[in-house]
Each structure stands twice: as C-alpha cells, then as structure tokens.
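Visitor: To be precise about what I am sending: the file is called work04.pdb and holds PDB, C-alpha atoms, pLDDT in the B column.
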ATOM      1  CA  MET V   1     -12.884   2.282   7.084  1.00 38.00           C
ATOM      2  CA  PRO V   2      -9.790   0.259   8.052  1.00 50.00           C
ATOM      3  CA  GLU V   3     -10.181  -3.242   9.440  1.00 61.00           C
ATOM      4  CA  PRO V   4     -10.032  -3.489  13.223  1.00 87.00           C
ATOM      5  CA  PHE V   5      -6.838  -5.516  13.579  1.00 96.00           C
ATOM      6  CA  GLN V   6      -6.181  -6.929  17.012  1.00 97.00           C
ATOM      7  CA  ALA V   7      -2.461  -6.839  16.188  1.00 97.00           C
ATOM      8  CA  CYS V   8      -0.094  -5.704  13.466  1.00 97.00           C
ATOM      9  CA  LEU V   9       3.236  -7.537  13.237  1.00 97.00           C
ATOM     10  CA  ARG V  10       6.121  -6.056  11.255  1.00 97.00           C
ATOM     11  CA  THR V  11       7.999  -8.615   9.169  1.00 96.00           C
ATOM     12  CA  PRO V  12      10.779  -8.346   6.576  1.00 95.00           C
ATOM     13  CA  PHE V  13       8.242  -8.609   3.726  1.00 94.00           C
ATOM     14  CA  ALA V  14       5.114  -6.780   5.007  1.00 95.00           C
ATOM     15  CA  THR V  15       3.186  -5.835   8.099  1.00 97.00           C
ATOM     16  CA  LEU V  16       0.726  -8.589   9.013  1.00 97.00           C
ATOM     17  CA  GLY V  17      -2.682  -7.349  10.129  1.00 97.00           C
ATOM     18  CA  ILE V  18      -4.158 -10.020  12.401  1.00 98.00           C
ATOM     19  CA  THR V  19      -7.871 -10.376  13.163  1.00 97.00           C
ATOM     20  CA  THR V  20      -9.219 -12.668  15.855  1.00 97.00           C
ATOM     21  CA  THR V  21     -12.199 -13.520  17.978  1.00 95.00           C
ATOM     22  CA  GLU V  22     -11.757 -14.317  21.643  1.00 94.00           C
ATOM     23  CA  ALA V  23     -10.979 -17.920  20.670  1.00 96.00           C
ATOM     24  CA  HIS V  24      -9.738 -18.040  17.053  1.00 97.00           C
ATOM     25  CA  VAL V  25      -7.525 -16.409  14.462  1.00 98.00           C
ATOM     26  CA  THR V  26      -9.891 -15.314  11.696  1.00 97.00           C
ATOM     27  CA  GLY V  27      -7.617 -13.475   9.303  1.00 97.00           C
ATOM     28  CA  ILE V  28      -4.167 -12.278   8.335  1.00 97.00           C
ATOM     29  CA  ARG V  29      -3.758  -9.494   5.803  1.00 95.00           C
ATOM     30  CA  PHE V  30      -0.572  -8.375   4.124  1.00 94.00           C
ATOM     31  CA  LEU V  31      -0.230  -4.639   4.677  1.00 94.00           C
ATOM     32  CA  ALA V  32       2.443  -2.258   3.437  1.00 92.00           C
ATOM     33  CA  PRO V  33       5.736  -2.583   5.331  1.00 92.00           C
ATOM     34  CA  THR V  34       5.295   1.034   6.434  1.00 93.00           C
ATOM     35  CA  VAL V  35       2.167   0.238   8.467  1.00 94.00           C
ATOM     36  CA  PRO V  36       3.213   0.517  12.116  1.00 94.00           C
ATOM     37  CA  ALA V  37       3.193  -2.400  14.515  1.00 95.00           C
ATOM     38  CA  LYS V  38       0.281  -2.730  16.918  1.00 96.00           C
ATOM     39  CA  ALA V  39       0.847  -4.785  20.048  1.00 96.00           C
ATOM     40  CA  PRO V  40      -1.894  -7.242  20.942  1.00 96.00           C
ATOM     41  CA  ARG V  41      -3.425  -7.648  24.383  1.00 93.00           C
ATOM     42  CA  ARG V  42      -1.034  -9.866  26.321  1.00 94.00           C
ATOM     43  CA  ASP V  43      -3.583 -12.583  27.182  1.00 93.00           C
ATOM     44  CA  SER V  44      -5.191 -12.830  23.749  1.00 96.00           C
ATOM     45  CA  ILE V  45      -5.309 -15.105  20.725  1.00 97.00           C
ATOM     46  CA  ALA V  46      -3.734 -12.224  18.761  1.00 97.00           C
ATOM     47  CA  HIS V  47      -0.759 -12.342  21.143  1.00 98.00           C
ATOM     48  CA  LEU V  48      -0.444 -16.104  20.613  1.00 98.00           C
ATOM     49  CA  ALA V  49      -0.586 -15.535  16.833  1.00 98.00           C
ATOM     50  CA  CYS V  50       2.189 -12.920  17.024  1.00 98.00           C
ATOM     51  CA  VAL V  51       4.357 -15.227  19.146  1.00 98.00           C
ATOM     52  CA  GLN V  52       3.920 -18.106  16.695  1.00 98.00           C
ATOM     53  CA  LEU V  53       4.428 -15.931  13.602  1.00 98.00           C
ATOM     54  CA  GLN V  54       7.655 -14.599  15.132  1.00 98.00           C
ATOM     55  CA  ALA V  55       8.728 -18.184  15.849  1.00 98.00           C
ATOM     56  CA  TYR V  56       8.153 -18.977  12.151  1.00 98.00           C
ATOM     57  CA  LEU V  57      10.214 -15.949  11.133  1.00 97.00           C
ATOM     58  CA  ASP V  58      13.015 -17.176  13.402  1.00 97.00           C
ATOM     59  CA  ASN V  59      12.710 -20.812  12.247  1.00 97.00           C
ATOM     60  CA  PRO V  60      11.007 -21.585   8.913  1.00 96.00           C
ATOM     61  CA  ALA V  61      10.375 -25.183  10.011  1.00 95.00           C
ATOM     62  CA  TYR V  62       8.212 -23.970  12.917  1.00 96.00           C
ATOM     63  CA  SER V  63       4.851 -25.756  12.996  1.00 95.00           C
ATOM     64  CA  PHE V  64       1.871 -23.513  13.784  1.00 96.00           C
ATOM     65  CA  ASP V  65      -0.586 -24.601  16.442  1.00 96.00           C
ATOM     66  CA  LEU V  66      -3.177 -21.830  16.385  1.00 97.00           C
ATOM     67  CA  PRO V  67      -6.935 -22.119  16.784  1.00 97.00           C
ATOM     68  CA  LEU V  68      -8.246 -21.072  13.363  1.00 97.00           C
ATOM     69  CA  ARG V  69     -11.724 -20.168  12.184  1.00 96.00           C
ATOM     70  CA  LEU V  70     -11.852 -20.883   8.475  1.00 96.00           C
ATOM     71  CA  ALA V  71     -15.108 -20.195   6.684  1.00 93.00           C
ATOM     72  CA  GLY V  72     -15.604 -21.179   3.075  1.00 93.00           C
ATOM     73  CA  SER V  73     -17.111 -23.706   0.701  1.00 96.00           C
ATOM     74  CA  HIS V  74     -16.430 -27.401   1.143  1.00 97.00           C
ATOM     75  CA  HIS V  75     -13.937 -27.242  -1.742  1.00 97.00           C
ATOM     76  CA  ARG V  76     -12.046 -24.282  -0.292  1.00 97.00           C
ATOM     77  CA  LEU V  77     -11.816 -25.972   3.093  1.00 97.00           C
ATOM     78  CA  GLN V  78     -10.418 -29.093   1.393  1.00 97.00           C
ATOM     79  CA  VAL V  79      -7.782 -27.017  -0.436  1.00 97.00           C
ATOM     80  CA  TRP V  80      -6.801 -25.155   2.740  1.00 97.00           C
ATOM     81  CA  GLU V  81      -6.445 -28.467   4.587  1.00 97.00           C
ATOM     82  CA  ALA V  82      -4.277 -29.795   1.739  1.00 97.00           C
ATOM     83  CA  MET V  83      -2.079 -26.681   2.002  1.00 97.00           C
ATOM     84  CA  CYS V  84      -1.555 -27.315   5.706  1.00 96.00           C
ATOM     85  CA  ARG V  85      -0.233 -30.803   4.897  1.00 97.00           C
ATOM     86  CA  ILE V  86       2.601 -29.389   2.767  1.00 97.00           C
ATOM     87  CA  PRO V  87       5.674 -29.197   5.007  1.00 96.00           C
ATOM     88  CA  ALA V  88       7.880 -26.118   5.143  1.00 95.00           C
ATOM     89  CA  GLY V  89      10.522 -26.220   2.434  1.00 94.00           C
ATOM     90  CA  LYS V  90       8.313 -28.241   0.080  1.00 96.00           C
ATOM     91  CA  VAL V  91       5.948 -27.155  -2.679  1.00 95.00           C
ATOM     92  CA  ARG V  92       3.142 -28.726  -4.682  1.00 95.00           C
ATOM     93  CA  THR V  93       1.659 -27.534  -7.929  1.00 95.00           C
ATOM     94  CA  TYR V  94      -1.907 -26.362  -8.400  1.00 95.00           C
ATOM     95  CA  GLY V  95      -2.383 -29.413 -10.648  1.00 95.00           C
ATOM     96  CA  GLU V  96      -1.075 -31.867  -8.035  1.00 96.00           C
ATOM     97  CA  VAL V  97      -3.437 -30.532  -5.385  1.00 97.00           C
ATOM     98  CA  ALA V  98      -6.279 -30.534  -7.925  1.00 97.00           C
ATOM     99  CA  ALA V  99      -5.628 -34.187  -8.822  1.00 97.00           C
ATOM    100  CA  GLU V 100      -5.614 -35.168  -5.134  1.00 97.00           C
ATOM    101  CA  LEU V 101      -8.955 -33.421  -4.567  1.00 97.00           C
ATOM    102  CA  ARG V 102     -10.504 -34.370  -7.936  1.00 96.00           C
ATOM    103  CA  SER V 103     -10.778 -30.708  -8.785  1.00 96.00           C
ATOM    104  CA  SER V 104      -9.179 -28.349 -11.301  1.00 96.00           C
ATOM    105  CA  ALA V 105      -5.997 -26.313 -11.036  1.00 94.00           C
ATOM    106  CA  ARG V 106      -8.027 -23.141 -11.592  1.00 93.00           C
ATOM    107  CA  ALA V 107     -10.362 -23.980  -8.677  1.00 96.00           C
ATOM    108  CA  VAL V 108      -7.347 -24.665  -6.451  1.00 96.00           C
ATOM    109  CA  GLY V 109      -5.915 -21.293  -7.483  1.00 93.00           C
ATOM    110  CA  GLY V 110      -9.219 -19.648  -6.576  1.00 93.00           C
ATOM    111  CA  ALA V 111      -9.121 -21.235  -3.127  1.00 95.00           C
ATOM    112  CA  CYS V 112      -5.521 -20.083  -2.703  1.00 94.00           C
ATOM    113  CA  GLY V 113      -6.557 -16.524  -3.539  1.00 92.00           C
ATOM    114  CA  ALA V 114      -9.426 -16.693  -1.051  1.00 94.00           C
ATOM    115  CA  ASN V 115      -7.248 -17.997   1.814  1.00 95.00           C
ATOM    116  CA  PRO V 116      -8.095 -15.769   4.795  1.00 96.00           C
ATOM    117  CA  ILE V 117      -5.105 -16.814   6.939  1.00 97.00           C
ATOM    118  CA  PRO V 118      -1.987 -16.833   4.723  1.00 96.00           C
ATOM    119  CA  VAL V 119       1.392 -17.845   6.118  1.00 97.00           C
ATOM    120  CA  VAL V 120      -0.340 -20.033   8.757  1.00 98.00           C
ATOM    121  CA  VAL V 121      -2.395 -21.708   6.013  1.00 97.00           C
ATOM    122  CA  PRO V 122       0.545 -21.808   3.584  1.00 97.00           C
ATOM    123  CA  CYS V 123      -0.920 -20.989   0.185  1.00 95.00           C
ATOM    124  CA  HIS V 124       2.555 -19.785  -0.829  1.00 95.00           C
ATOM    125  CA  ARG V 125       3.622 -23.452  -1.011  1.00 96.00           C
ATOM    126  CA  ILE V 126       1.421 -24.047  -4.049  1.00 95.00           C
ATOM    127  CA  ILE V 127       3.161 -23.134  -7.277  1.00 93.00           C
ATOM    128  CA  GLY V 128       2.581 -23.308 -11.007  1.00 88.00           C
ATOM    129  CA  ALA V 129       3.423 -26.147 -13.356  1.00 86.00           C
ATOM    130  CA  ASN V 130       7.102 -26.685 -14.186  1.00 78.00           C
ATOM    131  CA  HIS V 131       7.937 -25.046 -10.854  1.00 67.00           C
ATOM    132  CA  ALA V 132       6.982 -21.559 -12.026  1.00 77.00           C
ATOM    133  CA  ILE V 133       6.197 -19.473  -8.938  1.00 79.00           C
ATOM    134  CA  GLY V 134       2.546 -19.018  -9.959  1.00 78.00           C
ATOM    135  CA  GLY V 135       0.319 -16.234  -8.717  1.00 69.00           C
ATOM    136  CA  PHE V 136      -0.180 -14.793  -5.267  1.00 74.00           C
ATOM    137  CA  MET V 137      -2.950 -12.612  -3.870  1.00 72.00           C
ATOM    138  CA  GLY V 138      -4.386 -12.254  -7.369  1.00 66.00           C
ATOM    139  CA  ALA V 139      -1.110 -10.995  -8.868  1.00 59.00           C
ATOM    140  CA  ARG V 140       0.708 -12.811 -11.661  1.00 65.00           C
ATOM    141  CA  THR V 141       3.481 -10.326 -12.335  1.00 63.00           C
ATOM    142  CA  GLU V 142       6.374  -9.305 -10.113  1.00 71.00           C
ATOM    143  CA  GLY V 143       5.575  -6.735  -7.487  1.00 70.00           C
ATOM    144  CA  PHE V 144       4.595  -6.502  -3.821  1.00 76.00           C
ATOM    145  CA  GLU V 145       2.449  -9.653  -3.833  1.00 83.00           C
ATOM    146  CA  LEU V 146       4.809 -12.022  -5.645  1.00 84.00           C
ATOM    147  CA  GLY V 147       7.694 -10.541  -3.670  1.00 88.00           C
ATOM    148  CA  ILE V 148       5.985 -11.834  -0.520  1.00 91.00           C
ATOM    149  CA  LYS V 149       5.534 -15.325  -1.990  1.00 91.00           C
ATOM    150  CA  ARG V 150       9.146 -15.378  -3.177  1.00 92.00           C
ATOM    151  CA  TRP V 151      10.380 -14.245   0.284  1.00 94.00           C
ATOM    152  CA  LEU V 152       8.355 -16.947   2.073  1.00 96.00           C
ATOM    153  CA  LEU V 153       9.550 -19.703  -0.271  1.00 95.00           C
ATOM    154  CA  GLU V 154      13.177 -18.562   0.003  1.00 95.00           C
ATOM    155  CA  HIS V 155      12.846 -18.328   3.799  1.00 97.00           C
ATOM    156  CA  GLU V 156      11.726 -21.977   3.852  1.00 96.00           C
ATOM    157  CA  GLY V 157      14.413 -23.073   1.395  1.00 92.00           C
ATOM    158  CA  ALA V 158      11.851 -24.164  -1.185  1.00 90.00           C
ATOM    159  CA  ILE V 159      13.372 -22.072  -4.000  1.00 82.00           C
TER
END
Can you present the structure in this file as structure tokens?

Guide:
Amino acid sequence: MPEPFQACLRTPFATLGITTTEAHVTGIRFLAPTVPAKAPRRDSIAHLACVQLQAYLDNPAYSFDLPLRLAGSHHRLQVWEAMCRIPAGKVRTYGEVAAELRSSARAVGGACGANPIPVVVPCHRIIGANHAIGGFMGARTEGFELGIKRWLLEHEGAI
C-alpha cells in the first residue's frame, strides 16, 4: 500500500513525497521522477514544505524554517542536528562528524541512512574520507540514489 503523501513535489532529480501531521513535517521520500505531482492543501504544513523546498531549488543557499518531527535514538538526533549545522555549499566527512560526537563514522553513516527528512535535514552534505562522495540512501554505487546526492551537492556548489 503506498504511503499517504500530503504532497508530491516534482524536482529535477526526483519527485519528493512529503508526509506531515497538522503541525510538523514528518518525512520526505525520494520517488521516481515519473511520479506525478500532488498539490497540498493550501493552508497546510505540506504546502509550507513545498514552498520552502521550491525556494531551495531556486536558491541553494535558502535556509529552511520548517517545523520538523524527528524521531530516533539520541545518537541519531545528534547526527541530524549536526547535519543541520553544515551550511549549503559545504561538506563534512563521516569521520569529522563522528569525532565531534565521539561516535564512529559507521554509526554516523547509519544515522544518515535513517534520516527521515532528507534535503531539509541535509544528509547529502556528509561525504566519505578524501572527499569521496560516500553513500546515499543505502547505495554505494552510481545510480538513482547517488545521482540525487551528486545533484544536490552540485546545486549547492559543494562539488
């Protein structure tokens, strides 16, 4: 059964399926670019999310200001907060974030993969050692997933 998205926003790299409550963004999923757009209710958090995501697409330096509901372990929440501190156009390695949090690069990678609100919580800004692009959405080889990460980083001027 497909997820009940409150909105689907077409982008150059994928369609973003957006889930919300009445007060928070709870998820963004990367869907195939062929998935049709779905307009949100005009007075909804999903509408606000679409407006802000479009602003980011128009200006990669746009700073999101969305009410988010992030649920996860203490470690994952710490990693997601660290991601949000990385400005557009900049990257950090899994190891750098791990050292800051007194964790391991593998645990940081696991938190990146579990990020429920990508783009807004910018897991794409965490890369591998020696500035290798690293993984994305569980993928380590070129394809749909790493194509998204590459697009986002190029959009921001980070690579």

Visitor: Given all atoms listed in the file as the basis, pick out the residue of V:Ala132, V:Val121, V:Ala111, V:Val51 nearest to Val79 in chain V.

Guide: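 Closest residue, counting all atoms listed in the file: V:Ala111.
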
Visitor: Name the residues that the PyMOL selection byres ((chain V and resi 83-100) around 12) picks from the file above, as a VMD selection string, using the file's chain letters and numbers.

Guide: chain V and resid 56 59 to 65 68 75 to 82 101 to 113 115 117 to 135 149 152 to 159

Visitor: Using all atoms listed in the file, pick whichever of V:His74, V:Pro12, V:Pro4, V:Glu22 has the shortest atom-to-atom distance to Asp43 in chain V.

Guide: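 Closest candidate: V:Glu22.
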
Visitor: Counting all atoms listed in the file, figure out which residue out of V:Ile148, V:Ala49, V:Val35, V:Ile28 gets nearest to Thr15 in chain V.

Guide: V:Val35

Visitor: Of the candidates V:Gly72, V:Phe5, V:Leu57, V:Phe136, which shows the shortest atom-to-atom distance to Gly27 in chain V, using all atoms listed in the file?

Guide: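 Looking at the shortest contact to Gly27 in chain V, the residue is V:Phe5.
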
Visitor: Name the residues in contact with Thr21 in chain V at a cut-off of 10 Å, using all atoms listed in the file, excluding same-chain residues fewer than 5 positions from it; report them as a ChimeraX atom specification.

Guide: /V:6,26-27,44-46,68-69

Visitor: Please measure the separation of CA of Ala7 in chain V and CA of His47 in chain V, giving the value in Å to one decimal.

Guide: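 Pair CA of Ala7 in chain V / CA of His47 in chain V returns 7.6 Å.
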
Visitor: Point out the residue among V:Ala71, V:Pro36, V:Pro116, V:Glu145 with the least atom-to-atom distance to Thr19 in chain V, counting all atoms listed in the file.

Guide: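 Counting all atoms listed in the file, the residue closest to Thr19 in chain V is V:Pro116.
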
Visitor: List the residues matched by the PyMOL selection byres ((chain V and resi 9) around 10) in the displayed structure as a list in words, ordered by chain and then by residue number.

Guide: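 That expression, the PyMOL selection byres ((chain V and resi 9) around 10), corresponds here to Ala7, Cys8, Arg10, Thr11, Ala14, Thr15, Leu16, Gly17, Ile18, Phe30, Leu31, Pro33, Val35, Pro36, Ala37, Lys38, Ala39, Pro40, Ala49, Cys50, Val51, Leu53 and Gln54 of chain V.
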